[in-house]
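Visitor: Next comes the structure file start13.txt, holding compact mmCIF, C-alpha atoms.
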```txt
# COMPACT_ATOMS: atom_id res chain seq x y z
CA MET A 21 53.12 -12.28 -20.45
CA ASP A 22 51.92 -14.14 -17.41
CA GLY A 23 54.50 -12.91 -14.94
CA ASP A 24 57.41 -15.04 -16.14
CA ARG A 25 60.74 -13.64 -17.28
CA HIS A 26 60.62 -15.11 -20.77
CA GLY A 27 58.08 -12.70 -22.23
CA ARG A 28 55.53 -15.30 -23.41
CA SER A 29 51.84 -14.49 -23.52
CA ALA A 30 49.40 -16.80 -21.81
CA GLY A 31 47.99 -19.25 -24.31
CA GLU A 32 50.74 -18.42 -26.77
CA GLY A 33 51.39 -21.99 -27.78
CA ASN A 34 49.02 -21.75 -30.74
CA VAL A 35 50.35 -18.41 -31.98
CA VAL A 36 51.62 -18.41 -35.54
CA PRO A 37 55.20 -17.09 -35.21
CA LEU A 38 55.91 -13.66 -36.57
CA PRO A 39 58.33 -13.64 -39.49
CA PRO A 40 61.87 -12.51 -38.68
CA PRO A 41 62.33 -8.73 -38.68
CA GLY A 42 64.35 -8.72 -41.88
CA THR A 43 61.57 -10.35 -43.89
CA ARG A 44 58.78 -7.92 -42.97
CA PRO A 45 58.32 -4.96 -45.31
CA LYS A 46 59.61 -1.74 -43.83
CA PRO A 47 57.37 1.32 -43.78
CA SER A 48 58.12 3.87 -46.47
CA ARG A 49 60.18 6.96 -45.78
CA GLU A 50 57.08 9.03 -46.51
CA SER A 51 55.09 7.32 -43.74
CA GLN A 52 57.94 7.59 -41.26
CA ARG A 53 58.40 11.28 -42.00
CA GLY A 54 54.65 11.84 -41.91
CA LEU A 55 54.53 10.39 -38.39
CA ASP A 56 57.53 12.52 -37.35
CA TRP A 57 55.88 15.76 -38.43
CA PHE A 58 52.46 14.74 -37.13
CA ILE A 59 53.96 14.34 -33.67
CA PHE A 60 55.90 17.62 -34.02
CA PHE A 61 52.89 19.70 -35.01
CA LEU A 62 50.60 17.95 -32.53
CA ALA A 63 52.98 18.98 -29.74
CA ASP A 64 52.67 22.54 -31.04
CA VAL A 65 48.86 22.33 -30.97
CA GLN A 66 48.74 20.90 -27.45
CA THR A 67 51.17 23.49 -26.09
CA GLY A 68 48.62 26.21 -26.89
CA PHE A 69 46.37 24.77 -24.16
CA GLY A 70 48.99 25.01 -21.43
CA PRO A 71 49.36 27.96 -19.06
CA PHE A 72 48.09 30.26 -21.82
CA VAL A 73 44.52 29.28 -20.90
CA ALA A 74 44.76 30.87 -17.48
CA VAL A 75 46.46 33.98 -18.88
CA TYR A 76 43.86 34.42 -21.63
CA LEU A 77 40.82 33.88 -19.44
CA THR A 78 42.20 36.32 -16.87
CA THR A 79 42.34 39.00 -19.57
CA GLN A 80 38.70 38.21 -20.32
CA LYS A 81 37.74 39.16 -16.73
CA TRP A 82 37.09 35.59 -15.59
CA THR A 83 37.26 34.92 -11.87
CA GLN A 84 39.87 32.53 -10.47
CA VAL A 85 37.08 30.16 -9.45
CA GLU A 86 35.80 29.98 -13.04
CA ILE A 87 39.33 29.50 -14.41
CA GLY A 88 40.03 26.79 -11.84
CA PHE A 89 36.82 24.98 -12.80
CA VAL A 90 37.75 24.94 -16.51
CA LEU A 91 41.29 23.77 -15.77
CA SER A 92 39.99 21.05 -13.46
CA ILE A 93 37.82 19.63 -16.24
CA GLY A 94 40.88 18.67 -18.24
CA GLY A 95 42.52 16.97 -15.28
CA ILE A 96 39.44 14.98 -14.26
CA ILE A 97 38.52 13.86 -17.78
CA GLY A 98 42.16 13.14 -18.54
CA LEU A 99 42.26 10.82 -15.55
CA LEU A 100 38.93 9.08 -16.09
CA GLY A 101 39.23 8.90 -19.88
CA GLN A 102 42.54 7.07 -20.20
CA MET A 103 41.22 3.53 -20.36
CA PRO A 104 38.08 4.33 -22.42
CA GLY A 105 40.30 6.26 -24.83
CA GLY A 106 42.59 3.27 -25.23
CA ALA A 107 39.62 0.96 -25.72
CA ILE A 108 38.30 3.23 -28.49
CA VAL A 109 41.62 3.04 -30.32
CA ASP A 110 41.71 -0.77 -29.91
CA ALA A 111 38.21 -1.01 -31.37
CA ALA A 112 38.96 1.28 -34.32
CA ARG A 113 39.77 -0.07 -37.75
CA SER A 114 41.70 3.07 -38.67
CA GLU A 115 43.92 4.74 -36.10
CA ARG A 116 44.59 7.52 -38.62
CA LEU A 117 40.89 8.38 -38.71
CA VAL A 118 40.64 8.45 -34.91
CA ALA A 119 43.73 10.67 -34.68
CA GLY A 120 42.44 12.97 -37.41
CA LEU A 121 39.06 13.43 -35.74
CA ALA A 122 40.77 14.14 -32.41
CA VAL A 123 43.06 16.78 -33.94
CA ALA A 124 40.11 18.43 -35.71
CA THR A 125 38.21 18.50 -32.41
CA ILE A 126 41.13 20.17 -30.62
CA GLY A 127 41.46 22.72 -33.41
CA CYS A 128 37.77 23.60 -33.11
CA ALA A 129 38.12 23.86 -29.33
CA ALA A 130 40.97 26.36 -29.78
CA LEU A 131 38.85 28.40 -32.16
CA ALA A 132 35.99 28.40 -29.65
CA TYR A 133 38.34 29.72 -26.95
CA ALA A 134 39.44 32.54 -29.24
CA LEU A 135 36.06 33.60 -30.63
CA TRP A 136 33.56 32.91 -27.82
CA PRO A 137 35.28 33.19 -24.40
CA ILE A 138 32.03 32.77 -22.49
CA PHE A 139 31.60 30.20 -19.73
CA PRO A 140 29.34 27.61 -21.46
CA VAL A 141 31.39 27.61 -24.71
CA VAL A 142 34.78 27.43 -22.98
CA THR A 143 33.55 24.67 -20.67
CA ALA A 144 32.33 22.62 -23.64
CA ALA A 145 35.58 23.30 -25.52
CA ALA A 146 37.69 22.22 -22.53
CA THR A 147 35.66 19.01 -22.26
CA LEU A 148 36.08 18.19 -25.95
CA HIS A 149 39.80 18.97 -25.80
CA ALA A 150 40.30 16.64 -22.85
CA LEU A 151 38.30 13.84 -24.48
CA ALA A 152 40.24 14.16 -27.74
CA SER A 153 43.56 14.14 -25.89
CA CYS A 154 42.63 10.82 -24.25
CA VAL A 155 42.73 9.04 -27.62
CA LEU A 156 45.67 10.84 -29.21
CA GLY A 157 48.42 9.27 -27.09
CA PRO A 158 47.19 5.69 -27.68
CA ALA A 159 46.58 6.47 -31.38
CA ILE A 160 50.18 7.62 -31.90
CA ALA A 161 51.57 4.54 -30.16
CA ALA A 162 49.20 2.29 -32.16
CA ILE A 163 50.19 3.85 -35.49
CA SER A 164 53.86 3.48 -34.54
CA LEU A 165 53.48 -0.19 -33.60
CA GLY A 166 51.40 -0.92 -36.68
CA LEU A 167 54.03 0.67 -38.93
CA VAL A 168 57.26 -0.83 -37.63
CA GLY A 169 56.27 -3.92 -35.62
CA PRO A 170 57.34 -5.14 -32.17
CA PHE A 171 61.07 -5.49 -32.91
CA ALA A 172 61.61 -1.93 -34.17
CA ILE A 173 59.12 -0.19 -31.89
CA GLY A 174 61.77 0.88 -29.34
CA GLU A 175 63.71 3.02 -31.81
CA ARG A 176 60.47 4.36 -33.31
CA LEU A 177 59.22 5.45 -29.87
CA GLY A 178 62.55 7.18 -29.28
CA ARG A 179 62.08 9.03 -32.54
CA ASN A 180 58.56 9.97 -31.46
CA ALA A 181 59.89 11.42 -28.21
CA ARG A 182 62.50 13.46 -30.10
CA PHE A 183 59.95 15.13 -32.36
CA ALA A 184 57.52 15.69 -29.49
CA SER A 185 60.27 17.42 -27.53
CA LEU A 186 61.25 19.58 -30.50
CA GLY A 187 57.60 20.45 -31.01
CA ASN A 188 57.12 21.41 -27.37
CA GLY A 189 60.19 23.62 -27.36
CA SER A 190 59.42 25.43 -30.60
CA ALA A 191 55.75 25.84 -29.69
CA ALA A 192 56.57 27.38 -26.31
CA ALA A 193 58.76 29.96 -28.03
CA LEU A 194 56.17 30.62 -30.75
CA MET A 195 53.22 30.92 -28.38
CA GLY A 196 55.17 33.14 -26.02
CA ALA A 197 56.15 35.46 -28.87
CA VAL A 198 52.58 35.55 -30.24
CA GLY A 199 51.15 36.29 -26.81
CA TYR A 200 53.69 39.05 -26.17
CA LEU A 201 53.63 40.72 -29.60
CA LEU A 202 49.94 40.27 -30.45
CA SER A 203 47.59 39.08 -27.70
CA SER A 204 46.75 36.07 -25.60
CA GLN A 205 43.71 35.54 -27.84
CA ALA A 206 46.03 35.18 -30.84
CA VAL A 207 47.63 32.14 -29.17
CA PHE A 208 44.43 30.15 -29.70
CA LEU A 209 44.03 31.33 -33.28
CA VAL A 210 47.57 30.12 -33.99
CA THR A 211 46.73 26.84 -32.26
CA PHE A 212 43.74 26.44 -34.56
CA LEU A 213 45.89 27.17 -37.63
CA LEU A 214 48.55 24.67 -36.51
CA ALA A 215 45.93 21.91 -36.63
CA ILE A 216 46.05 22.22 -40.45
CA PRO A 217 49.70 21.14 -40.94
CA THR A 218 49.10 18.49 -38.26
CA LEU A 219 46.34 16.91 -40.35
CA LEU A 220 48.42 17.26 -43.54
CA ALA A 221 51.30 15.40 -41.89
CA LEU A 222 48.88 12.68 -40.74
CA SER A 223 47.62 12.27 -44.31
CA ARG A 224 51.16 11.43 -45.46
CA ILE A 225 51.17 8.26 -43.34
CA ARG A 226 50.07 5.51 -45.71
CA GLY A 227 47.15 3.65 -44.22
CA GLN A 228 47.97 0.42 -46.07
CA GLU A 229 51.33 0.27 -44.29
CA ILE A 230 49.73 0.18 -40.84
CA ASP A 231 49.04 -3.39 -39.74
CA VAL A 232 45.75 -2.96 -37.88
CA ALA A 233 46.00 -6.14 -35.81
CA GLN A 234 49.62 -5.41 -34.94
CA SER A 235 48.75 -1.86 -33.88
CA HIS A 236 46.39 -3.31 -31.27
CA GLY A 237 48.96 -5.79 -30.00
CA ALA A 238 47.14 -8.73 -31.60
CA VAL A 239 48.74 -11.75 -33.29
CA VAL A 240 47.42 -14.44 -35.62
CA ARG A 241 46.44 -17.66 -33.85
CA GLU A 242 45.71 -21.04 -35.37
CA VAL A 243 43.06 -21.57 -32.68
CA PRO A 244 41.30 -18.64 -30.94
CA ASP A 245 42.39 -18.22 -27.33
CA LYS A 246 39.75 -16.34 -25.34
CA GLU A 247 41.84 -16.25 -22.18
CA ALA A 248 44.88 -14.66 -23.87
CA THR A 249 42.70 -11.99 -25.50
CA SER A 250 40.55 -11.31 -22.44
CA VAL A 251 40.62 -7.77 -21.08
CA PHE A 252 40.33 -9.05 -17.51
CA HIS A 253 43.19 -11.47 -18.03
CA LEU A 254 45.37 -8.64 -19.33
CA LEU A 255 44.55 -6.27 -16.49
CA ARG A 256 45.42 -9.00 -13.96
CA GLN A 257 48.86 -9.53 -15.45
CA ARG A 258 51.42 -9.23 -12.66
CA PRO A 259 53.99 -7.31 -14.75
CA LEU A 260 51.36 -4.76 -15.81
CA LEU A 261 50.25 -4.21 -12.21
CA ILE A 262 53.83 -3.87 -10.98
CA PHE A 263 54.72 -1.49 -13.79
CA ALA A 264 51.61 0.64 -13.22
CA GLY A 265 52.47 0.82 -9.52
CA GLY A 266 56.03 1.83 -10.37
CA VAL A 267 54.82 4.54 -12.74
CA LEU A 268 52.44 5.84 -10.05
CA LEU A 269 55.36 6.11 -7.61
CA PHE A 270 57.48 7.78 -10.29
CA GLN A 271 54.87 10.47 -10.94
CA LEU A 272 54.19 10.86 -7.22
CA ALA A 273 57.90 11.74 -6.84
CA ASN A 274 58.34 13.65 -10.09
CA ALA A 275 55.30 15.83 -10.77
CA ALA A 276 55.82 18.24 -7.86
CA MET A 277 59.57 18.71 -8.22
CA LEU A 278 59.63 21.43 -10.88
CA PRO A 279 56.74 23.52 -9.41
CA LEU A 280 58.29 23.25 -5.96
CA MET A 281 61.71 24.19 -7.30
CA ALA A 282 60.18 27.14 -9.19
CA GLY A 283 58.89 28.51 -5.89
CA VAL A 284 62.32 28.11 -4.31
CA VAL A 285 64.04 29.88 -7.21
CA THR A 286 61.54 32.75 -7.06
CA THR A 287 62.26 33.20 -3.35
CA ARG A 288 66.04 33.15 -3.77
CA SER A 289 66.35 35.14 -7.01
CA SER A 290 63.11 36.87 -7.90
CA GLN A 291 64.67 39.05 -10.61
CA TRP A 292 66.04 36.12 -12.62
CA ALA A 293 63.33 33.61 -11.72
CA PRO A 294 61.50 33.65 -15.09
CA VAL A 295 64.75 33.11 -17.01
CA LEU A 296 65.95 30.37 -14.68
CA ILE A 297 62.62 28.54 -14.74
CA ALA A 298 62.55 28.74 -18.54
CA ALA A 299 66.06 27.27 -18.61
CA CYS A 300 64.92 24.48 -16.27
CA ILE A 301 62.22 23.59 -18.80
CA ILE A 302 64.43 23.88 -21.90
CA VAL A 303 67.36 21.79 -20.59
CA PRO A 304 65.34 18.53 -20.17
CA GLN A 305 63.59 19.06 -23.51
CA ALA A 306 66.96 19.39 -25.23
CA ILE A 307 68.24 16.21 -23.59
CA VAL A 308 65.10 14.31 -24.61
CA ALA A 309 65.48 15.50 -28.21
CA LEU A 310 69.14 14.44 -28.31
CA THR A 311 68.97 11.10 -26.53
CA SER A 312 65.53 9.53 -27.03
CA PRO A 313 66.36 7.55 -30.21
CA SER A 314 69.42 6.12 -28.46
CA VAL A 315 67.22 5.11 -25.52
CA GLY A 316 64.99 3.16 -27.90
CA ARG A 317 67.96 1.32 -29.40
CA LYS A 318 69.51 0.57 -26.01
CA ALA A 319 66.19 -0.76 -24.74
CA GLN A 320 66.35 -3.50 -27.37
CA ALA A 321 70.04 -4.20 -26.81
CA TRP A 322 70.16 -4.03 -22.99
CA GLY A 323 66.57 -4.76 -22.04
CA ARG A 324 63.99 -2.58 -20.31
CA ARG A 325 64.85 -2.99 -16.63
CA PRO A 326 68.34 -1.37 -16.68
CA LEU A 327 66.94 1.79 -18.25
CA LEU A 328 63.98 1.88 -15.86
CA LEU A 329 66.37 1.61 -12.92
CA LEU A 330 68.45 4.43 -14.41
CA ALA A 331 65.36 6.67 -14.64
CA PHE A 332 64.28 6.04 -11.04
CA GLY A 333 67.84 6.48 -9.80
CA ALA A 334 68.22 9.79 -11.64
CA LEU A 335 64.93 11.00 -10.17
CA ALA A 336 66.05 10.15 -6.62
CA VAL A 337 69.39 11.94 -7.13
CA ARG A 338 67.57 14.98 -8.55
CA GLY A 339 65.35 15.22 -5.47
CA LEU A 340 68.32 15.01 -3.11
CA LEU A 341 70.25 17.65 -5.05
CA PHE A 342 67.27 20.01 -5.00
CA ALA A 343 67.23 19.57 -1.21
CA VAL A 344 70.88 20.57 -0.69
CA VAL A 345 71.82 22.89 -3.60
CA ARG A 346 71.37 26.54 -2.66
CA ASP A 347 72.70 28.32 -5.75
CA PRO A 348 69.68 28.96 -8.04
CA TYR A 349 71.91 28.78 -11.11
CA LEU A 350 73.17 25.30 -10.19
CA LEU A 351 69.55 24.14 -10.01
CA VAL A 352 69.45 24.47 -13.80
CA VAL A 353 72.35 22.01 -14.00
CA VAL A 354 70.44 19.59 -11.74
CA GLN A 355 67.69 19.56 -14.39
CA VAL A 356 69.98 17.38 -16.51
CA PHE A 357 68.67 14.51 -14.38
CA ASP A 358 65.12 15.48 -15.35
CA GLY A 359 66.16 15.15 -19.00
CA ILE A 360 67.45 11.64 -18.33
CA THR A 361 64.25 10.49 -16.65
CA ALA A 362 62.06 12.15 -19.29
CA ALA A 363 63.99 10.57 -22.16
CA VAL A 364 63.74 7.10 -20.61
CA LEU A 365 60.10 7.22 -19.47
CA SER A 366 58.78 8.72 -22.70
CA VAL A 367 60.08 5.63 -24.49
CA MET A 368 59.74 2.97 -21.80
CA VAL A 369 56.07 3.43 -20.91
CA PRO A 370 54.55 2.54 -24.30
CA LEU A 371 57.38 0.09 -25.02
CA ILE A 372 56.91 -1.98 -21.86
CA VAL A 373 53.13 -1.87 -22.25
CA ALA A 374 53.55 -3.17 -25.82
CA ASP A 375 55.71 -6.02 -24.46
CA ILE A 376 53.20 -6.98 -21.80
CA ALA A 377 50.11 -6.65 -24.01
CA PHE A 378 51.67 -8.59 -26.90
CA GLY A 379 49.13 -11.05 -28.26
CA SER A 380 46.20 -9.66 -26.29
CA GLY A 381 44.79 -7.27 -28.89
CA HIS A 382 44.34 -4.66 -26.12
CA PHE A 383 47.63 -2.74 -26.27
CA ASN A 384 45.96 0.65 -26.13
CA LEU A 385 43.64 -0.29 -23.28
CA ALA A 386 46.70 -1.37 -21.30
CA GLN A 387 48.27 2.01 -22.11
CA GLY A 388 45.16 3.61 -20.65
CA ALA A 389 45.54 1.64 -17.44
CA VAL A 390 49.12 2.84 -17.01
CA GLY A 391 48.00 6.35 -17.99
CA THR A 392 45.45 6.28 -15.18
CA ALA A 393 48.20 5.39 -12.71
CA THR A 394 50.25 8.28 -14.13
CA GLY A 395 47.39 10.71 -13.57
CA ILE A 396 46.75 9.55 -10.01
CA GLY A 397 50.42 9.90 -9.09
CA ALA A 398 50.75 13.34 -10.65
CA SER A 399 47.55 14.59 -9.00
CA LEU A 400 48.60 13.48 -5.52
CA SER A 401 52.19 14.67 -5.91
CA THR A 402 51.59 18.42 -5.94
CA VAL A 403 49.12 18.27 -3.07
CA LEU A 404 51.33 16.18 -0.78
CA ALA A 405 54.55 18.00 -1.64
CA GLY A 406 52.89 21.38 -1.16
CA TYR A 407 51.62 20.38 2.28
CA VAL A 408 55.01 19.03 3.39
CA SER A 409 56.80 22.11 2.03
CA ASP A 410 54.48 24.51 3.86
CA THR A 411 54.70 22.53 7.11
CA PHE A 412 58.33 21.35 7.22
CA GLY A 413 60.15 23.32 4.52
CA SER A 414 61.08 22.73 0.89
CA SER A 415 64.23 20.72 1.69
CA THR A 416 62.18 18.18 3.62
CA ALA A 417 59.70 17.99 0.75
CA PHE A 418 62.47 17.29 -1.76
CA VAL A 419 63.96 14.59 0.47
CA GLY A 420 60.51 13.01 0.75
CA LEU A 421 60.08 13.03 -3.03
CA ALA A 422 63.52 11.46 -3.41
CA ALA A 423 62.52 8.75 -0.92
CA ILE A 424 59.40 7.96 -2.99
CA ALA A 425 61.61 7.68 -6.09
CA ALA A 426 63.90 5.32 -4.18
CA LEU A 427 60.87 3.23 -3.21
CA GLY A 428 59.89 3.03 -6.88
CA LEU A 429 63.42 1.97 -7.78
CA THR A 430 63.23 -0.79 -5.16
CA VAL A 431 59.90 -2.02 -6.53
CA ILE A 432 61.30 -2.20 -10.08
CA TRP A 433 64.53 -3.84 -8.88
CA LEU A 434 62.84 -6.54 -6.79
CA PHE A 435 59.61 -7.30 -8.61
CA MET A 436 59.57 -6.07 -12.21
CA PRO A 437 60.50 -8.79 -14.73
CA GLU A 438 62.35 -8.11 -17.96
CA THR A 439 59.79 -7.76 -20.75
CA ARG A 440 61.99 -7.42 -23.84
CA ARG A 441 60.95 -9.78 -26.61
CA THR A 442 63.48 -11.55 -28.80
CA GLU A 443 62.96 -13.25 -32.14
CA ASP A 444 62.64 -16.72 -30.64
CA GLN A 445 59.83 -15.44 -28.38
CA ALA A 446 57.80 -13.84 -31.19
```
Rewrite the structure from the file as structure tokens, please.
Guide:
Amino acid sequence: MDGDRHGRSAGEGNVVPLPPPGTRPKPSRESQRGLDWFIFFLADVQTGFGPFVAVYLTTQKWTQVEIGFVLSIGGIIGLLGQMPGGAIVDAARSERLVAGLAVATIGCAALAYALWPIFPVVTAAATLHALASCVLGPAIAAISLGLVGPFAIGERLGRNARFASLGNGSAAALMGAVGYLLSSQAVFLVTFLLAIPTLLALSRIRGQEIDVAQSHGAVVREVPDKEATSVFHLLRQRPLLIFAGGVLLFQLANAAMLPLMAGVVTTRSSQWAPVLIAACIIVPQAIVALTSPSVGRKAQAWGRRPLLLLAFGALAVRGLLFAVVRDPYLLVVVQVFDGITAAVLSVMVPLIVADIAFGSGHFNLAQGAVGTATGIGASLSTVLAGYVSDTFGSSTAFVGLAAIAALGLTVIWLFMPETRRTEDQA
């Protein structure tokens, strides 16, 4: 796209049209199921590196400074590694191989945490885990696009979000039970073991069914077009810049809401705080699991902009309700809006990037650019919201976050073009 509302790539006049969706071979059921379970088990593996790291290292007599340093590594590398990770996936000839190596690396990192919890080993393991995670997101989106093509990618991304949500929920329960019944060290041993079914599920995706060029967002051209396939041309695309800015505003408003609300709940109902916070996490995950495939289908039927506006609107309403609702139990109900935004954004981000990067051959690099904006917004959110909450109160902080969400909604409404591709634009 070059900023117009018709979804055409710059220099697309010499593109050989894609065949209609009905004439392209569909991926086998085995490959589709393999991708489902790969995403499910990968979510399980990644959950083991959540808050359990801090708990485990505390039991190993680490200082808070040392724990903070290790946790910061993941955040910094995750921010800086988004675009290089996407570029690696774009350059790869086998996304399955890249994903497999990344999963194996994360499994080894988990084993290192469990067996050698000393500072140099854990630091190296945290670095490798963060680097591997930078390529896994783009690799999953690339495999999905290569399997089903640009017309079916919306529904496939919705299916991805469903299995990721189911994996996150089941893994949280499993890891919590393992940590409680056995030990916090056992969490990382289980994480290492879960890498095995993850790799087995990946092996069930048939490599010959993944269109390599399609997975990178490339198309066949009668005459090479250096401008259309230029990285710099892609990164200057107006829709990509607007969307990245919108995502930054979304994360700036969203990332701090649940931590801030958790503090409020703990103050108002300390006895039931753990249960209520757990419910606030489970409710959105359940909504994502139930609705994500429908979001993918609606994105193709309605277009992308209506759903994006719905997500930003739900986020703004959630912030305002957090500011005025006093009953801690009703705050769980407010989390329904978090489920709506999570279901929409988990599908829309890779879907819109695929639309914009169509024909460039740099789909995954463009994902990395938007991922960088996501990381910046999330990093600033907790700092700014925490300062406002401490200075002016939590209600003021929630209103401020809602105002940022409203600003993002305005940006999408006024400036973001529709990116949905139709058959006559292929």
Visitor: May I ask for the distance between CA of Val352 in chain A and CA of Ser415 in chain A, given in Å to one decimal place?
Guide: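 Going from CA of Val352 in chain A over to CA of Ser415 in chain A covers 16.8 Å.
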Visitor: Please report as JSON lines every residue of range 278-319 of chain A lying within 9 Å of range 326-335 of chain A, along with the nearest atom pair and their distance in Å (one decimal), using all atoms listed in the file.
Guide:
```
{"residue": "A:Val315", "atom": "CA", "partner": "A:Leu327", "partner_atom": "CA", "distance": 8.0}
{"residue": "A:Lys318", "atom": "CA", "partner": "A:Leu327", "partner_atom": "CA", "distance": 8.3}
{"residue": "A:Ala319", "atom": "CA", "partner": "A:Leu327", "partner_atom": "CA", "distance": 7.0}
```
Visitor: Using all atoms listed in the file, can you tell me which of A:Pro279, A:Gly127, A:Pro259, A:Pro170 comes closest to Ile216 in chain A?
Guide: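 Closest residue, counting all atoms listed in the file: A:Gly127.
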Visitor: Measure the distance from CA of Val364 in chain A to CA of Ile126 in chain A in Å and round it to one decimal.
Guide: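 So the two atoms, CA of Val364 in chain A and CA of Ile126 in chain A, lie 28.0 Å apart.
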Visitor: So the first atom is CA of Leu340 in chain A and the second is CA of Thr411 in chain A; what is the distance between them in Å, to one decimal place?
Guide: 18.6 Å
Visitor: Could you work out an axis-aligned box for range 424-436 of chain A, taking every atom the file lists and adding 6 Å on each side, and report centre and edge lengths in Å to one decimal, as lines of an AutoDock Vina configuration file?
Guide:
```
center_x = 62.0
center_y = 0.3
center_z = -7.6
size_x = 17.1
size_y = 27.3
size_z = 21.2
```
Visitor: List as a PyMOL selection string the protein and nucleic acid residues near Pro137 in chain A, meaning an atom at most 9 Å away when all atoms listed in the file are counted, but skip any in the same chain fewer than 4 places from it.
Guide: chain A and resi 77+80+132-133+141-142
